[in-house]
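A quick write-up on the structure given underneath.
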Amino acid sequence: MSLHPTDLGDLSPTDPSRRQGLLARFHLDLPLLIGLLALSGYGLLVLYSASGQDVGQVERQLLRYLLAFGVMVGIAQVRPEQLMRWSPWLYLVGTLLLVLVLLIGDVGKGAQRWLDLGLIRFQPSEMVKLAVPMMLAWYLADKPLPPNWRHLVASAVMMMVPVLLIARQPDLGTSLLVASAGAFVLFLAGISWRLIFGLLGAAAAAAPILWHFMRDYQKQRVLTLLDPEKDPLGAGYHIIQSKIAIGSGGIWGKGWLAGTQSQLDFLPERHTDFIFAVLAEELGLVGVAVLLALYLFVILRGLYIASRAQDTYGRLLGGALTLVFFVYLFVNVGMVSGLLPVVGVPLPLISYGGTSLVTLMAGFGMLMSIHTHRKLLPR
Amino acid sequence: MQIKDHIREEQAFLGRTIVAALLVMLALLSLGARLVQLQVIEHQHFTTLSKDNRVKLIPLAPTRGLIYDRNGVLLAQNRPAYSLELVPERVKDIDATLERLSHYIAIDDDDRERFNRLRRRKRRFDSIPIRVNLDLEEAARFAVVRHRFPGVEIKAQLLRHYPFGKATSHLLGYVGRISSRDLKTIDTSNYAGTSHIGKTGIERSYEAALHGAVGVQQVEVNSVGRVVRILEETPPQPGQDLHLHLDITLQQIALEALGDYNGAVVAIDPRSGGILALASKPGYDPNLFVEGISRRAYRALQNDRDRPLYDRALRGQYPPGSTVKPFIGLAGLETGVIRYDTSYYCPGYFQLPGHEHKYRDWKKRGHGPMDLDAAITQSCDVYYYKLAFNLGIDAMSNYLAQFGFGRRSGVDLNSESRGILPSRDWKRRTKHQPWYPGETIIAGIGQGYFLTTPLQLAVATAAIANNGHLMTPHVVDYLQNRGNGERYPIPPQETAIPITSQANWDDVRRAMRHVVEGLRGTARRIRTDFYAIAGKTGTAQVFTVGQEEEYDEKNVAHKFRDHALFVGYAPADDPQIAVAVVVENGGHGGATAAPVARKVMDAWLLPRLYGPGANRGSDDS
């Protein structure tokens with residue numbers, strides 16, 4: 001720190017630009033930060049129980065949080081204009097890497113696993129989760145909104161190329177998340193309601209065709225949702241057990257560390273994708289309500305930041321990132337409670353594991369950057 | 001042109017944001033409603049279920065199908081293996097326990113590294129292997145002191161083992177632990193109890209058949225989760241056994257015949273397309289991969305200059321050199337560009353009309369007047385420069401395509417290379433350049449852009465031997481159910497190459513026979529009195545093999561010795577085996593590659609023609 005004693009005088013509470021002291025200096029948004037810290041803390045608490053009281057696992061998750069928060073703080077320092085300049089390049093590199101993954105994936109099938117095991121695995125699809133909304137926001141930033149047909153088609157192409165590449169991997173869960181990120185940018189850019197409903201209608205009509213192209217195991221997952229008893233060893237068993245866990249939790253829960261479903265190993269993948277069920281069993285509806293309230297707070301703060309952004313890029317990007325965060329939450333809870341088919345989407349910030357955590361926090365870093373680098377102009 | 005209206009856009013955005021916020025709240029409310037339904041309304045029901053949740057389902061892994069060669073020799077088996085495992089939850093001081101254990105059973109640094117790696121990934125109540133593949137003595141030694149190590153147990157499981165190791169490494173491939181990448185493409189419930197999955201080779205391409213179907217055991221557990229009794233059991237269905245066309249002895253002879261050279265040998269039964277030998281040298285020990293190869297050993301394999309992991313027979317792409325001459329000769333005859341007795345004069349070089357550049361023959365002084373028979377027997381380049389020039393690239397390329405050059409053969413193995421059959425269209429597609437006449441000339445002797453895999457060469461040769469019936473190559477002869485012994489044969493698939501005149505085919509085959517039997521034949525040294533061989537030698541200028549680069553004459557032509565090639569079949573009048581040999585940096589095809597083919601043919605044919613045991617003492621010539 002290069003704080004000279006004389007500088008301290010400038011940190012007077014009356015100086016509006018320094019009002020928040022250190023937070024402002026590091027371009028952090030206090031409400032968002034509090035919300036994220038609260039969620040992380042809550043997550044560690046649940047993880048301790050879900051991991052079978054494995055301190056080592058909690059420590060490793062804590063390290064991941066530190067890394068992810070570090071990334072968030074780092075990105076918050078970058079000015080939004082800079083982020084905007086990087087957008088097309090990031091998109092280009094991400095898409096090329098996706099192509100590369102497909103090509104290499106085709107060549108060294110047997111050998112690949114070993115590279116995966118060794119070094120930290122880098123997934124271009126994670127990068128694209130951020131790059132697609134950035135790219136679309138960049139593209140639409142200087143266009144008159146709502147976008148005209150030509151711009152709309154161009155945006156759709158930009159969005160669909162990486163989505164299809166990821167779907168080819170095949171990783172349907174991630175490609176859906178990326179597609180939703182792109183769709184949110186367009187939604188926020190103000191495409192007409194008629195178009196939105198038209199597309200939704202078309203999607204509904206296309207569902208039978210999509211069904212035709214789905215792989216067997218994907219069809220299986222949808223069928224399992226309709227009739228869990230059919231697949232009692234696989235996803236069906238997961239859903240049955242997780243519903244029992246949630247339902248038996250009741251209003252007040254069975255108590256922390258005291259969930260029979262979780263502690264006796266009836267609940268599969270309980271520290272990763274199904275961690276919500278552990279929480280619902282042990283902490284009950286009350287614990288769930290606290291969790292959802294925290295999420296709602298973070299989401300609303302994100303949308304507020306987007307609405308206060310000073311340019312189109314910040315508005316579109318900030319809004320889309322926040323809404324994607326919501327999609328994580330919705331899909332995961334929907335899946336665990338048996339409303340949606342089992343797709344591998346983690347509970348954001350709570351599930352054990354690192355890759356999506358870093359991406360999510362990088363997104364929040366961008367939100368903070370957008371909010372804290374506003375020029376103090378009279379509006 | 002529209003102009004941006006900032007105020008209006010901001011308001012529109014605000015409107016959308018509010019809509020989004022409302023939708024988010026609505027969605028959260030519906031989730032909340034669902035949870036109220038489960039946790040409040042149906043609470044009683046689920047509490048009952050939870051209390052009665054005494055039935056656990058335990059998946060039972062099927063045993064993996066075995067792989068046999070054509071004589072019933074076991075190539076891939078499941079061996080019982082003992083491993084020493086530890087449950088962290090039940091051990092107080094893990095480090096001290098490991099230390100005490102090491103007095104009885106050797107635990108080295110690699111074991112510790114793996115143990116710590118797995119421990120980090122698994123849960124406290126999961127059993128984690130300390131040592132794998134204990135021998136019986138070690139297992140017995142531990143059994144004596146077992147009571148002093150609560151939480152440490154010996155577990156028995158079936159592990160895949162490949163008794164022939166290197167000799168079958170590329171063909172069979174190997175199984176390894178299921179990775180997260182694998183999980184995305186399999187039906188996870190069918191693999192619920194399975195730890196290993198086919199990663200490469202036959203193990204991968206026949207994974208579905210080899211794996212079988214999972215079984216289920218319903219067990220009753222007590223209130224702390226221990227199994228009390230078994231309620232019901234659906235046994236798993238074992239995977240199907242595979243019986244290959246391969247003869248493991250032939251495979252070993254082929255590898256041995258390559259001597260110290262790297263290279264590939266492919267032997268096919270031309271009548272069925274059954275692969276009798278598919279050898280790539282050097283190989284690696286697939287058994288290392290089954291229990292997880294150490295990072296050090298894997299890196300050593302990857303960095304080995306001889307590239308042992310690389311399957312030369314299926315993926316190696318080599319310029320075919322003169323081995324394509326019979327095929328191009330046939331193209332000339334069948335399209336009517338030449339007749340069998342058409343004579344071209346060979347002065348030792350060829351020039352395109354109006355061009356200075358001399359395309360040289362390998363024989364500096366030239367061969368003199370040549371007809372097709374002599375051109376194939378003596379491998380005259382100038383004859384083929386002229387033939388290629390008169391045929392043109394389109395006719396040549398179209399005709400060769402019928403023999404499977406430039407496309408995957410359709411063998412029942414993954415990751416086969418395509419090779420390159422040069423054509424105008426191919427060059428426009430990949431290089432965005434027009435075709436030059438000079439490129440036609442060198443394509444006529446199998447150089448330039450032309451690349452083939454040893455498998456493609458063998459398949460094409462088999463098609464000549466089989467009089468135009470191109471058989472899709474197969475490694476698996478039939479699948480067999482373990483239970484009832486029922487067999488499911490893989491039917492031979494053939495594509496017929498149209499024949500304009502039967503005499504043309506007979507002529508080319510006769511010329512190929514003269515390559516071995518003629519006084520000036522380039523492979524005359526492998527002539528034998530026991531049966532007649534037809535074949536063709538080839539010598540390919542080298543590009544570094546396996547680096548997936550295109551052949552670039554400038555950079556490498558003088559750097560390495562040429563690759564030696566040979567394709568052939570025997571007996572010439574009743575073909576039973578077709579062979580393609582590539583000897584990397586082996587020099588001249590007649591000198592190094594042809595003798596390899598001869599050894600393979602001897603091993604296959606002598607017992608069949610003269611009764612068992614006839615292979616001994618036939619090492620004449």
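Note on naming: chains are A, B, ... as they come in the structure tokens, residues start from 1 per chain, ligands start from 1 in the order shown.
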For chain B, which residues have at least one atom within 6 Å of chain A, if we go by only C-alpha atoms? Write them as a short mmCIF file (atom, residue, chain, number, x, y, z; two decimals) with N, CA and C atoms, in the first residue's frame, please.
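Output file part25.cif is given in full below:
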data_model
loop_
_atom_site.label_atom_id
_atom_site.label_comp_id
_atom_site.auth_asym_id
_atom_site.auth_seq_id
_atom_site.Cartn_x
_atom_site.Cartn_y
_atom_site.Cartn_z
N LYS B 4 -29.89 6.31 -32.37
CA LYS B 4 -30.15 5.83 -31.01
C LYS B 4 -30.85 6.91 -30.20
N LEU B 14 -35.49 -0.30 -18.56
CA LEU B 14 -36.03 -0.32 -17.21
C LEU B 14 -37.30 -1.17 -17.18
N ARG B 16 -38.14 -3.62 -19.17
CA ARG B 16 -37.80 -5.03 -19.29
C ARG B 16 -37.22 -5.58 -17.98
N LEU B 38 -44.24 -30.20 -0.74
CA LEU B 38 -43.47 -31.34 -0.26
C LEU B 38 -43.30 -31.32 1.25
N GLN B 39 -42.98 -30.15 1.79
CA GLN B 39 -42.54 -30.09 3.18
C GLN B 39 -43.68 -29.86 4.18
N VAL B 40 -44.79 -29.30 3.69
CA VAL B 40 -45.89 -29.06 4.63
C VAL B 40 -47.06 -29.99 4.32
N HIS B 43 -45.85 -33.62 4.03
CA HIS B 43 -44.80 -33.90 5.01
C HIS B 43 -44.98 -35.26 5.68
N PHE B 46 -44.01 -38.20 3.47
CA PHE B 46 -42.57 -38.37 3.27
C PHE B 46 -41.86 -38.76 4.56
N THR B 47 -42.40 -38.31 5.71
CA THR B 47 -41.81 -38.73 6.98
C THR B 47 -41.94 -40.24 7.13
N ASP B 187 -25.25 -44.40 -20.33
CA ASP B 187 -26.41 -44.48 -19.48
C ASP B 187 -25.90 -44.76 -18.07
N SER B 189 -27.14 -45.21 -15.19
CA SER B 189 -27.68 -46.23 -14.30
C SER B 189 -27.17 -47.61 -14.69
N LYS B 199 -11.60 -47.77 -23.30
CA LYS B 199 -11.10 -46.44 -23.66
C LYS B 199 -10.65 -46.39 -25.12
N THR B 200 -10.00 -47.44 -25.59
CA THR B 200 -9.50 -47.42 -26.96
C THR B 200 -9.69 -48.82 -27.56
N GLY B 225 -27.64 -47.73 8.95
CA GLY B 225 -27.22 -47.89 7.56
C GLY B 225 -26.48 -49.18 7.24
#
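Near Glu126 of chain A, within 8 Å and counting only C-alpha atoms, sit Thr355, Ser356 and Thr359 of chain A, not including residues fewer than 5 positions from it in the same chain.
Minimum atom-to-atom distance to Arg168 of chain A, evaluated using only C-alpha atoms, belongs to A:Val99 out of A:Leu136, A:Ile34, A:Ala207, A:Val99.
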### Query
Of the candidates B:Arg131, B:Arg312, B:His588, B:Arg204, which one gets nearest to Trp362 of chain B if we count only C-alpha atoms?
B:His588
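Our summary of the geometry notes that atom CA of Met25 of chain B is positioned 14.7 Å from atom CA of Val290 of chain A.
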### Message
Using only C-alpha atoms, which protein or nucleic acid residues come within 8 Å of Ile275 of chain A? Drop anything in the same chain fewer than 3 positions from it, and give the result as a PyMOL selection string.
### Response
chain A and resi 46-47+50+269-272+278-279+347+350-351
For those residues, write C-alpha atoms to a file as a tab-separated table (two decimals), in the first residue's frame.
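Below you can see result_33.tsv, which holds the result:
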chain	number	residue	atom	x	y	z
A	46	VAL	CA	-24.44	-27.13	4.62
A	47	LEU	CA	-21.39	-28.65	2.95
A	50	ALA	CA	-23.35	-32.98	3.40
A	269	GLU	CA	-24.46	-36.71	-5.04
A	270	ARG	CA	-25.47	-35.01	-1.86
A	271	HIS	CA	-22.52	-32.61	-1.68
A	272	THR	CA	-22.70	-31.57	-5.33
A	278	VAL	CA	-29.59	-31.89	2.41
A	279	LEU	CA	-30.39	-28.34	3.34
A	347	LEU	CA	-26.73	-24.98	-6.97
A	350	ILE	CA	-23.36	-23.73	-2.66
A	351	SER	CA	-22.58	-26.98	-4.49
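For Phe450 of chain B, the non-local neighbours within 8 Å, defined as residues at least 2 positions apart in the same chain or in other chains and counting only C-alpha atoms, are B:Pro319, B:Pro320, B:Gly419, B:Ile420, B:Leu421, B:Pro422, B:Ala443, B:Gly446, B:Gln447, B:Gly448, B:Thr452.
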### Task
Give me, please, the distance in Å between atom CA of Trp505 of chain B and atom CA of Phe350 of chain B, quoted to one decimal.
27.2 Å
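The coordinates place atom CA of Thr342 of chain B at 24.2 Å from atom CA of Gln402 of chain B.
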### Message
Excluding segment 260-262 of chain B and its own-chain neighbours fewer than 5 positions away, which residues fall within 7 Å of it when counting only C-alpha atoms? Please give them as a ChimeraX atom specification.
### Response
/B:281-282,583-584
### Query
Do you know which residues are at most 9 Å from Pro163 of chain B counting only C-alpha atoms, after dropping those on the same chain fewer than 6 positions away, and could you put them as a ChimeraX atom specification?
/B:74-77,287
Can I get the selection written as a tab-separated table (two decimals), in the first residue's frame, with N, CA and C atoms?
chain	number	residue	atom	x	y	z
B	74	LEU	N	-7.19	-66.85	-25.19
B	74	LEU	CA	-7.75	-65.72	-24.45
B	74	LEU	C	-6.84	-64.49	-24.60
B	75	LEU	N	-7.40	-63.38	-25.09
B	75	LEU	CA	-6.61	-62.17	-25.31
B	75	LEU	C	-6.89	-61.12	-24.24
B	76	ALA	N	-8.13	-61.13	-23.71
B	76	ALA	CA	-8.48	-60.18	-22.65
B	76	ALA	C	-9.30	-60.95	-21.64
B	77	GLN	N	-8.83	-60.98	-20.40
B	77	GLN	CA	-9.51	-61.77	-19.39
B	77	GLN	C	-9.79	-60.91	-18.16
B	287	ASN	N	-1.78	-53.14	-19.73
B	287	ASN	CA	-2.14	-53.46	-18.35
B	287	ASN	C	-1.84	-52.30	-17.41
Please list as a PDB file with N, CA and C atoms, in the first residue's frame every residue within 9 Å of Arg527 of chain B, counting only C-alpha atoms and excluding residues in the same chain fewer than 4 positions away.
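Done, and the output landed in result_36.pdb:
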ATOM      1  N   VAL B 516       7.335 -61.219 -57.946  1.00  0.00           N
ATOM      2  CA  VAL B 516       8.023 -62.171 -57.072  1.00  0.00           C
ATOM      3  C   VAL B 516       8.744 -63.254 -57.872  1.00  0.00           C
ATOM      4  N   GLU B 517       8.098 -63.670 -58.974  1.00  0.00           N
ATOM      5  CA  GLU B 517       8.638 -64.828 -59.682  1.00  0.00           C
ATOM      6  C   GLU B 517       9.531 -64.469 -60.851  1.00  0.00           C
ATOM      7  N   ALA B 523      10.734 -58.127 -56.008  1.00  0.00           N
ATOM      8  CA  ALA B 523      10.622 -58.903 -54.771  1.00  0.00           C
ATOM      9  C   ALA B 523      11.022 -60.344 -55.017  1.00  0.00           C
ATOM     10  N   TYR B 531       4.381 -72.212 -52.539  1.00  0.00           N
ATOM     11  CA  TYR B 531       3.153 -71.594 -53.046  1.00  0.00           C
ATOM     12  C   TYR B 531       3.542 -70.343 -53.816  1.00  0.00           C
ATOM     13  N   ALA B 532       2.626 -69.814 -54.625  1.00  0.00           N
ATOM     14  CA  ALA B 532       2.942 -68.652 -55.454  1.00  0.00           C
ATOM     15  C   ALA B 532       2.484 -67.372 -54.765  1.00  0.00           C
ATOM     16  N   ILE B 533       3.355 -66.371 -54.779  1.00  0.00           N
ATOM     17  CA  ILE B 533       3.026 -65.076 -54.174  1.00  0.00           C
ATOM     18  C   ILE B 533       2.865 -64.039 -55.276  1.00  0.00           C
ATOM     19  N   ARG B 598       6.517 -62.296 -46.342  1.00  0.00           N
ATOM     20  CA  ARG B 598       6.761 -63.715 -46.609  1.00  0.00           C
ATOM     21  C   ARG B 598       6.641 -64.525 -45.315  1.00  0.00           C
ATOM     22  N   SER B 621      15.368 -70.046 -49.539  1.00  0.00           N
ATOM     23  CA  SER B 621      15.717 -68.813 -50.250  1.00  0.00           C
ATOM     24  C   SER B 621      16.832 -68.058 -49.547  1.00  0.00           C
TER      25      SER B 621
END
